[in-house]
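Colleague: Contents of start.cif (mmCIF, C-alpha atoms):
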```
data_protein
#
loop_
_atom_site.group_PDB
_atom_site.id
_atom_site.type_symbol
_atom_site.label_atom_id
_atom_site.label_comp_id
_atom_site.auth_asym_id
_atom_site.auth_seq_id
_atom_site.Cartn_x
_atom_site.Cartn_y
_atom_site.Cartn_z
ATOM 1 C CA ASP X 1 -2.153 7.785 -16.021
ATOM 2 C CA ARG X 2 -5.380 7.953 -14.080
ATOM 3 C CA ALA X 3 -6.377 5.487 -11.392
ATOM 4 C CA PRO X 4 -9.445 3.368 -12.134
ATOM 5 C CA GLY X 5 -12.389 3.908 -9.832
ATOM 6 C CA PHE X 6 -13.399 1.167 -7.418
ATOM 7 C CA GLU X 7 -15.349 0.291 -4.312
ATOM 8 C CA LEU X 8 -14.191 -2.472 -1.959
ATOM 9 C CA PRO X 9 -15.191 -3.878 1.437
ATOM 10 C CA LEU X 10 -12.929 -2.935 4.339
ATOM 11 C CA ALA X 11 -11.477 -5.429 6.785
ATOM 12 C CA GLY X 12 -13.448 -4.774 9.955
ATOM 13 C CA GLY X 13 -16.594 -3.686 8.086
ATOM 14 C CA GLY X 14 -17.901 -1.037 5.753
ATOM 15 C CA ARG X 15 -16.982 -0.206 2.180
ATOM 16 C CA ARG X 16 -14.914 2.556 0.583
ATOM 17 C CA SER X 17 -14.655 3.860 -2.941
ATOM 18 C CA LEU X 18 -11.640 5.588 -4.413
ATOM 19 C CA THR X 19 -13.760 8.741 -4.740
ATOM 20 C CA GLU X 20 -14.463 8.666 -0.989
ATOM 21 C CA LEU X 21 -10.795 8.107 -0.154
ATOM 22 C CA LEU X 22 -9.687 11.028 -2.310
ATOM 23 C CA GLU X 23 -12.107 13.426 -0.585
ATOM 24 C CA ALA X 24 -9.620 13.483 2.313
ATOM 25 C CA GLY X 25 -6.591 14.112 0.059
ATOM 26 C CA PRO X 26 -4.022 12.071 -1.882
ATOM 27 C CA VAL X 27 -3.830 8.369 -1.104
ATOM 28 C CA LEU X 28 -1.162 5.695 -1.360
ATOM 29 C CA LEU X 29 -2.615 2.343 -2.349
ATOM 30 C CA ALA X 30 -0.343 -0.584 -1.487
ATOM 31 C CA PHE X 31 -1.529 -3.870 -3.011
ATOM 32 C CA TYR X 32 -0.274 -6.915 -1.122
ATOM 33 C CA LYS X 33 -0.762 -10.595 -0.358
ATOM 34 C CA ALA X 34 -0.206 -11.860 3.199
ATOM 35 C CA SER X 35 1.992 -14.787 2.104
ATOM 36 C CA CYS X 36 4.396 -12.529 0.166
ATOM 37 C CA PRO X 37 7.760 -12.098 1.986
ATOM 38 C CA THR X 38 8.429 -8.789 0.205
ATOM 39 C CA CYS X 39 5.022 -7.513 1.351
ATOM 40 C CA GLN X 40 5.854 -8.624 4.893
ATOM 41 C CA LEU X 41 9.024 -6.516 4.654
ATOM 42 C CA THR X 42 7.389 -3.477 3.040
ATOM 43 C CA LEU X 43 4.118 -2.889 4.894
ATOM 44 C CA PRO X 44 5.586 -2.248 8.355
ATOM 45 C CA TYR X 45 7.740 0.501 6.807
ATOM 46 C CA LEU X 46 4.744 1.995 5.003
ATOM 47 C CA GLN X 47 3.023 2.066 8.393
ATOM 48 C CA ARG X 48 5.636 4.653 9.445
ATOM 49 C CA LEU X 49 4.331 7.068 6.806
ATOM 50 C CA GLN X 50 0.929 7.359 8.495
ATOM 51 C CA GLY X 51 0.138 10.904 9.511
ATOM 52 C CA GLY X 52 2.103 12.305 6.592
ATOM 53 C CA ARG X 53 0.904 14.289 3.594
ATOM 54 C CA PHE X 54 -1.173 11.437 2.176
ATOM 55 C CA GLN X 55 -3.364 8.620 3.429
ATOM 56 C CA ILE X 56 -2.254 4.998 3.185
ATOM 57 C CA TYR X 57 -4.512 2.066 2.342
ATOM 58 C CA ALA X 58 -3.181 -1.498 2.130
ATOM 59 C CA ILE X 59 -5.310 -3.385 -0.401
ATOM 60 C CA SER X 60 -5.191 -7.072 0.487
ATOM 61 C CA GLN X 61 -5.622 -9.895 -1.980
ATOM 62 C CA ASN X 62 -6.671 -12.124 0.936
ATOM 63 C CA GLU X 63 -9.873 -12.810 2.836
ATOM 64 C CA ALA X 64 -10.695 -10.817 5.999
ATOM 65 C CA ASP X 65 -9.534 -13.507 8.477
ATOM 66 C CA VAL X 66 -6.101 -13.643 6.829
ATOM 67 C CA VAL X 67 -5.900 -9.828 6.901
ATOM 68 C CA GLU X 68 -6.527 -9.873 10.657
ATOM 69 C CA GLU X 69 -3.774 -12.461 11.194
ATOM 70 C CA PHE X 70 -1.332 -10.503 8.999
ATOM 71 C CA ASN X 71 -2.075 -7.185 10.701
ATOM 72 C CA SER X 72 -1.598 -8.750 14.130
ATOM 73 C CA ALA X 73 1.619 -10.563 13.200
ATOM 74 C CA PHE X 74 3.235 -7.491 11.609
ATOM 75 C CA ASP X 75 1.677 -4.815 13.872
ATOM 76 C CA ILE X 76 -0.147 -3.139 10.977
ATOM 77 C CA ASN X 77 -3.090 -0.816 11.557
ATOM 78 C CA LEU X 78 -3.512 0.572 8.049
ATOM 79 C CA PRO X 79 -7.067 0.645 6.706
ATOM 80 C CA THR X 80 -7.394 -2.426 4.506
ATOM 81 C CA PRO X 81 -9.768 -2.801 1.576
ATOM 82 C CA ILE X 82 -10.126 -6.424 0.469
ATOM 83 C CA ASP X 83 -9.763 -7.551 -3.183
ATOM 84 C CA PRO X 84 -9.692 -11.372 -2.841
ATOM 85 C CA ALA X 85 -9.191 -14.146 -5.379
ATOM 86 C CA GLY X 86 -12.779 -15.265 -4.772
ATOM 87 C CA GLY X 87 -13.931 -11.960 -6.225
ATOM 88 C CA GLY X 88 -11.585 -12.270 -9.199
ATOM 89 C CA TYR X 89 -9.107 -9.591 -8.013
ATOM 90 C CA VAL X 90 -11.254 -7.021 -9.835
ATOM 91 C CA VAL X 91 -9.425 -3.934 -8.540
ATOM 92 C CA SER X 92 -5.959 -5.500 -8.758
ATOM 93 C CA ASN X 93 -6.669 -6.394 -12.377
ATOM 94 C CA ALA X 94 -7.992 -2.898 -13.125
ATOM 95 C CA PHE X 95 -4.654 -1.508 -11.867
ATOM 96 C CA GLY X 96 -2.695 -4.092 -13.885
ATOM 97 C CA ILE X 97 -1.087 -5.704 -10.826
ATOM 98 C CA THR X 98 1.307 -8.499 -11.803
ATOM 99 C CA HIS X 99 3.507 -8.539 -8.657
ATOM 100 C CA VAL X 100 3.032 -7.536 -5.049
ATOM 101 C CA PRO X 101 3.667 -5.320 -3.329
ATOM 102 C CA THR X 102 2.737 -2.702 -5.885
ATOM 103 C CA MET X 103 2.094 0.854 -4.745
ATOM 104 C CA PHE X 104 0.423 3.856 -6.362
ATOM 105 C CA LEU X 105 0.296 7.419 -5.053
ATOM 106 C CA ILE X 106 -2.959 8.878 -6.327
ATOM 107 C CA GLU X 107 -3.628 12.602 -6.326
ATOM 108 C CA GLN X 108 -7.070 14.107 -5.707
ATOM 109 C CA ASP X 109 -7.709 14.426 -9.470
ATOM 110 C CA GLN X 110 -7.170 10.628 -9.713
ATOM 111 C CA SER X 111 -3.816 11.016 -11.467
ATOM 112 C CA ILE X 112 -1.087 8.580 -10.469
ATOM 113 C CA SER X 113 1.967 10.600 -9.448
ATOM 114 C CA TRP X 114 4.198 7.744 -8.218
ATOM 115 C CA ALA X 115 4.188 3.967 -8.694
ATOM 116 C CA TRP X 116 6.521 1.149 -7.707
ATOM 117 C CA SER X 117 6.529 -2.638 -7.446
ATOM 118 C CA GLY X 118 8.646 -4.509 -4.903
ATOM 119 C CA PHE X 119 10.901 -3.111 -2.188
ATOM 120 C CA HIS X 120 13.503 -0.568 -3.223
ATOM 121 C CA LYS X 121 15.078 1.471 -0.447
ATOM 122 C CA ALA X 122 15.776 4.604 -2.532
ATOM 123 C CA GLN X 123 12.248 4.623 -4.008
ATOM 124 C CA LEU X 124 10.692 4.256 -0.555
ATOM 125 C CA GLU X 125 12.896 7.072 0.779
ATOM 126 C CA SER X 126 11.667 9.235 -2.108
ATOM 127 C CA LEU X 127 8.072 8.355 -1.192
ATOM 128 C CA ALA X 128 8.756 9.174 2.468
ATOM 129 C CA GLU X 129 10.129 12.567 1.458
ATOM 130 C CA ARG X 130 6.864 13.262 -0.369
ATOM 131 C CA ALA X 131 4.994 12.238 2.784
ATOM 132 C CA GLY X 132 7.147 14.481 4.958
ATOM 133 C CA ARG X 133 7.982 11.491 7.161
ATOM 134 C CA ARG X 134 10.971 9.315 7.914
ATOM 135 C CA ILE X 135 10.615 5.711 6.787
ATOM 136 C CA PHE X 136 13.929 4.180 7.860
ATOM 137 C CA GLU X 137 15.837 4.628 11.109
ATOM 138 C CA ALA X 138 19.615 4.338 11.474
ATOM 139 C CA ALA X 139 19.241 1.025 13.335
ATOM 140 C CA ASP X 140 17.063 -0.542 10.619
ATOM 141 C CA ARG X 141 18.695 -3.276 8.584
ATOM 142 C CA VAL X 142 17.051 -2.949 5.203
ATOM 143 C CA PRO X 143 18.157 -4.349 1.879
ATOM 144 C CA GLU X 144 18.688 -2.021 -1.048
ATOM 145 C CA SER X 145 16.008 -3.931 -2.936
ATOM 146 C CA LYS X 146 13.841 -7.021 -2.839
ATOM 147 C CA PHE X 147 11.337 -7.888 -5.527
ATOM 148 C CA GLY X 148 8.002 -9.654 -5.010
#
```
Take the structure in this file and express it as structure tokens.

Modeller:
Amino acid sequence: DRAPGFELPLAGGGRRSLTELLEAGPVLLAFYKASCPTCQLTLPYLQRLQGGRFQIYAISQNEADVVEEFNSAFDINLPTPIDPAGGGYVVSNAFGITHVPTMFLIEQDQSISWAWSGFHKAQLESLAERAGRRIFEAADRVPESKFG
């Protein structure tokens, strides 16, 4: 499958299109909603993959003020495009999002090479291996899975 093109505003200002993101290499898009407990579990772990073999963007289905609160509460500094309900979740709908978190690893040719919905420890470890990073530490207490 190929990822649909899009352009969204970024929390903190500016706009980015998928084409612009892919100029810097593969990108992981993680769709989330701030009120989702599974998203609250997943995003801090995705944060650990920063600096790996692909970029990470957390696409929020919330307004900018909620994104700021979420990022502060969960110590997230991932770039965050905003796809809110007020805009009709245009990008989320284009990707067929039915549950959050849902993640897509998109290669530079816009092909989707990995996708997952929810939290699944083995799938996230597989993603981390692709990133060349460690996602879980020995002291972490993580469930095997948790669905959104």

Colleague: For segment 36-48 of chain X, find every residue with an atom within 6 Å (counting only C-alpha atoms), except residues of its own chain fewer than 4 positions away, and show them as a list in words.

Modeller: Tyr32, Pro101, Ile135 and Gly148 of chain X

Colleague: So which residues touch segment 77-79 of chain X within 9 Å, counting all atoms listed in the file, skipping near sequence neighbours fewer than 2 positions away, as JSON, numbers by chain?

Modeller: {"X": [10, 11, 12, 43, 46, 47, 50, 56, 57, 58, 59, 71, 72, 75, 81]}

Colleague: If the PyMOL selection byres ((chain X and resi 98) around 12) is run on the structure shown, which residues does it catch, given as a PyMOL selection string?

Modeller: chain X and resi 31-33+89+92-97+99-103+116-118+147-148

Colleague: Return the single residue from X:Pro84, X:Pro26, X:Gly51, X:Pro4 that is closest to Asp65 of chain X, with distances computed using all atoms listed in the file.

Modeller: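 Of X:Pro84, X:Pro26, X:Gly51, X:Pro4, the one nearest Asp65 of chain X is X:Pro84, counting all atoms listed in the file.
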
Colleague: Would you mind reading off the distance between atom CA of Trp114 of chain X and atom CA of Ile82 of chain X, one decimal, in Å?

Modeller: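 Going from atom CA of Trp114 of chain X over to atom CA of Ile82 of chain X, I get 21.9 Å.
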
Colleague: Excluding same-chain residues fewer than 4 positions from Ser126 of chain X, what lies within 12 Å of it counting only C-alpha atoms, as a list of chain:residue names?

Modeller: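 Within the cut-off, the hits are X:Leu49, X:Leu105, X:Trp114, X:Ala115, X:Trp116, X:His120, X:Lys121, X:Ala122, X:Arg130, X:Ala131, X:Gly132, X:Arg133, X:Arg134, X:Ile135, X:Phe136.
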
Colleague: I'd like to know which of X:Asp1, X:Val27, X:Asn62, X:Phe119 is closest to Gly88 of chain X, using only C-alpha atoms.

Modeller: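 Comparing X:Asp1, X:Val27, X:Asn62, X:Phe119 against Gly88 of chain X, the winner is X:Asn62.
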
Colleague: What gap, in Å, lies between atom CA of Gly87 of chain X and atom CA of Ala64 of chain X?

Modeller: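 Atom-to-atom, atom CA of Gly87 of chain X to atom CA of Ala64 of chain X, that is 12.7 Å.
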
Colleague: Just need segment 61-102 of chain X in a file, please: N, CA and C atoms, as an mmCIF file, in the first residue's frame.

Modeller:
```cif
data_model
loop_
_atom_site.group_PDB
_atom_site.id
_atom_site.type_symbol
_atom_site.label_atom_id
_atom_site.label_comp_id
_atom_site.auth_asym_id
_atom_site.auth_seq_id
_atom_site.Cartn_x
_atom_site.Cartn_y
_atom_site.Cartn_z
ATOM 1 N N GLN X 61 -5.034 13.970 17.025
ATOM 2 C CA GLN X 61 -6.431 14.232 16.669
ATOM 3 C C GLN X 61 -7.040 15.252 17.636
ATOM 4 N N ASN X 62 -6.197 16.072 18.239
ATOM 5 C CA ASN X 62 -6.627 17.091 19.192
ATOM 6 C C ASN X 62 -6.210 18.468 18.705
ATOM 7 N N GLU X 63 -6.736 19.488 19.358
ATOM 8 C CA GLU X 63 -6.347 20.864 19.071
ATOM 9 C C GLU X 63 -4.981 21.155 19.694
ATOM 10 N N ALA X 64 -4.331 22.231 19.246
ATOM 11 C CA ALA X 64 -2.965 22.561 19.650
ATOM 12 C C ALA X 64 -2.791 22.692 21.166
ATOM 13 N N ASP X 65 -3.753 23.304 21.873
ATOM 14 C CA ASP X 65 -3.602 23.476 23.321
ATOM 15 C C ASP X 65 -3.582 22.134 24.047
ATOM 16 N N VAL X 66 -4.359 21.182 23.563
ATOM 17 C CA VAL X 66 -4.380 19.842 24.165
ATOM 18 C C VAL X 66 -3.066 19.119 23.867
ATOM 19 N N VAL X 67 -2.530 19.314 22.675
ATOM 20 C CA VAL X 67 -1.234 18.723 22.306
ATOM 21 C C VAL X 67 -0.154 19.211 23.266
ATOM 22 N N GLU X 68 -0.136 20.508 23.535
ATOM 23 C CA GLU X 68 0.861 21.067 24.455
ATOM 24 C C GLU X 68 0.750 20.439 25.843
ATOM 25 N N GLU X 69 -0.468 20.301 26.346
ATOM 26 C CA GLU X 69 -0.687 19.689 27.660
ATOM 27 C C GLU X 69 -0.218 18.232 27.665
ATOM 28 N N PHE X 70 -0.569 17.492 26.626
ATOM 29 C CA PHE X 70 -0.173 16.082 26.504
ATOM 30 C C PHE X 70 1.349 15.957 26.465
ATOM 31 N N ASN X 71 1.983 16.743 25.606
ATOM 32 C CA ASN X 71 3.438 16.665 25.467
ATOM 33 C C ASN X 71 4.139 16.989 26.785
ATOM 34 N N SER X 72 3.624 17.961 27.512
ATOM 35 C CA SER X 72 4.207 18.322 28.800
ATOM 36 C C SER X 72 4.002 17.207 29.835
ATOM 37 N N ALA X 73 2.797 16.682 29.899
ATOM 38 C CA ALA X 73 2.472 15.647 30.884
ATOM 39 C C ALA X 73 3.252 14.354 30.661
ATOM 40 N N PHE X 74 3.520 14.006 29.392
ATOM 41 C CA PHE X 74 4.169 12.734 29.090
ATOM 42 C C PHE X 74 5.599 12.907 28.575
ATOM 43 N N ASP X 75 6.138 14.130 28.707
ATOM 44 C CA ASP X 75 7.518 14.437 28.321
ATOM 45 C C ASP X 75 7.806 14.019 26.871
ATOM 46 N N ILE X 76 6.933 14.451 25.977
ATOM 47 C CA ILE X 76 7.036 14.138 24.553
ATOM 48 C C ILE X 76 7.558 15.372 23.817
ATOM 49 N N ASN X 77 8.549 15.169 22.955
ATOM 50 C CA ASN X 77 9.003 16.282 22.118
ATOM 51 C C ASN X 77 9.039 15.888 20.643
ATOM 52 N N LEU X 78 8.163 14.984 20.257
ATOM 53 C CA LEU X 78 8.050 14.588 18.858
ATOM 54 C C LEU X 78 7.349 15.695 18.073
ATOM 55 N N PRO X 79 7.777 15.945 16.836
ATOM 56 C CA PRO X 79 7.026 16.900 16.020
ATOM 57 C C PRO X 79 5.594 16.393 15.847
ATOM 58 N N THR X 80 4.633 17.324 15.959
ATOM 59 C CA THR X 80 3.235 16.909 16.022
ATOM 60 C C THR X 80 2.345 17.659 15.037
ATOM 61 N N PRO X 81 2.064 17.043 13.895
ATOM 62 C CA PRO X 81 1.026 17.584 13.018
ATOM 63 C C PRO X 81 -0.335 17.400 13.684
ATOM 64 N N ILE X 82 -1.271 18.310 13.372
ATOM 65 C CA ILE X 82 -2.580 18.287 14.011
ATOM 66 C C ILE X 82 -3.668 17.992 12.978
ATOM 67 N N ASP X 83 -4.478 16.954 13.269
ATOM 68 C CA ASP X 83 -5.585 16.516 12.407
ATOM 69 C C ASP X 83 -6.846 16.437 13.277
ATOM 70 N N PRO X 84 -7.398 17.603 13.682
ATOM 71 C CA PRO X 84 -8.471 17.609 14.687
ATOM 72 C C PRO X 84 -9.860 17.283 14.141
ATOM 73 N N ALA X 85 -10.750 16.971 15.084
ATOM 74 C CA ALA X 85 -12.149 16.683 14.758
ATOM 75 C C ALA X 85 -12.779 17.854 14.020
ATOM 76 N N GLY X 86 -12.438 19.075 14.440
ATOM 77 C CA GLY X 86 -13.005 20.270 13.810
ATOM 78 C C GLY X 86 -12.701 20.348 12.322
ATOM 79 N N GLY X 87 -11.626 19.721 11.907
ATOM 80 C CA GLY X 87 -11.274 19.681 10.491
ATOM 81 C C GLY X 87 -11.777 18.428 9.803
ATOM 82 N N GLY X 88 -12.495 17.585 10.544
ATOM 83 C CA GLY X 88 -13.055 16.365 9.971
ATOM 84 C C GLY X 88 -12.093 15.193 9.921
ATOM 85 N N TYR X 89 -10.977 15.258 10.660
ATOM 86 C CA TYR X 89 -9.988 14.169 10.671
ATOM 87 C C TYR X 89 -9.633 13.743 9.240
ATOM 88 N N VAL X 90 -9.365 14.708 8.382
ATOM 89 C CA VAL X 90 -9.151 14.426 6.961
ATOM 90 C C VAL X 90 -8.023 13.414 6.731
ATOM 91 N N VAL X 91 -6.890 13.613 7.387
ATOM 92 C CA VAL X 91 -5.746 12.719 7.167
ATOM 93 C C VAL X 91 -5.993 11.364 7.837
ATOM 94 N N SER X 92 -6.519 11.374 9.044
ATOM 95 C CA SER X 92 -6.845 10.116 9.722
ATOM 96 C C SER X 92 -7.786 9.276 8.866
ATOM 97 N N ASN X 93 -8.792 9.916 8.296
ATOM 98 C CA ASN X 93 -9.734 9.200 7.438
ATOM 99 C C ASN X 93 -9.066 8.693 6.169
ATOM 100 N N ALA X 94 -8.158 9.478 5.594
ATOM 101 C CA ALA X 94 -7.452 9.044 4.388
ATOM 102 C C ALA X 94 -6.613 7.796 4.656
ATOM 103 N N PHE X 95 -6.098 7.673 5.898
ATOM 104 C CA PHE X 95 -5.314 6.495 6.280
ATOM 105 C C PHE X 95 -6.195 5.356 6.795
ATOM 106 N N GLY X 96 -7.503 5.595 6.913
ATOM 107 C CA GLY X 96 -8.412 4.550 7.378
ATOM 108 C C GLY X 96 -8.315 4.266 8.868
ATOM 109 N N ILE X 97 -7.968 5.279 9.656
ATOM 110 C CA ILE X 97 -7.801 5.092 11.104
ATOM 111 C C ILE X 97 -9.152 4.794 11.750
ATOM 112 N N THR X 98 -9.222 3.680 12.469
ATOM 113 C CA THR X 98 -10.427 3.339 13.230
ATOM 114 C C THR X 98 -10.136 3.270 14.723
ATOM 115 N N HIS X 99 -8.866 3.082 15.103
ATOM 116 C CA HIS X 99 -8.444 3.021 16.502
ATOM 117 C C HIS X 99 -7.113 3.756 16.632
ATOM 118 N N VAL X 100 -6.876 4.291 17.802
ATOM 119 C CA VAL X 100 -5.574 4.897 18.082
ATOM 120 C C VAL X 100 -4.976 4.213 19.296
ATOM 121 N N PRO X 101 -3.664 4.144 19.390
ATOM 122 C CA PRO X 101 -2.727 4.621 18.382
ATOM 123 C C PRO X 101 -2.660 3.673 17.186
ATOM 124 N N THR X 102 -2.461 4.259 16.027
ATOM 125 C CA THR X 102 -2.174 3.493 14.822
ATOM 126 C C THR X 102 -0.922 4.093 14.211
#
```
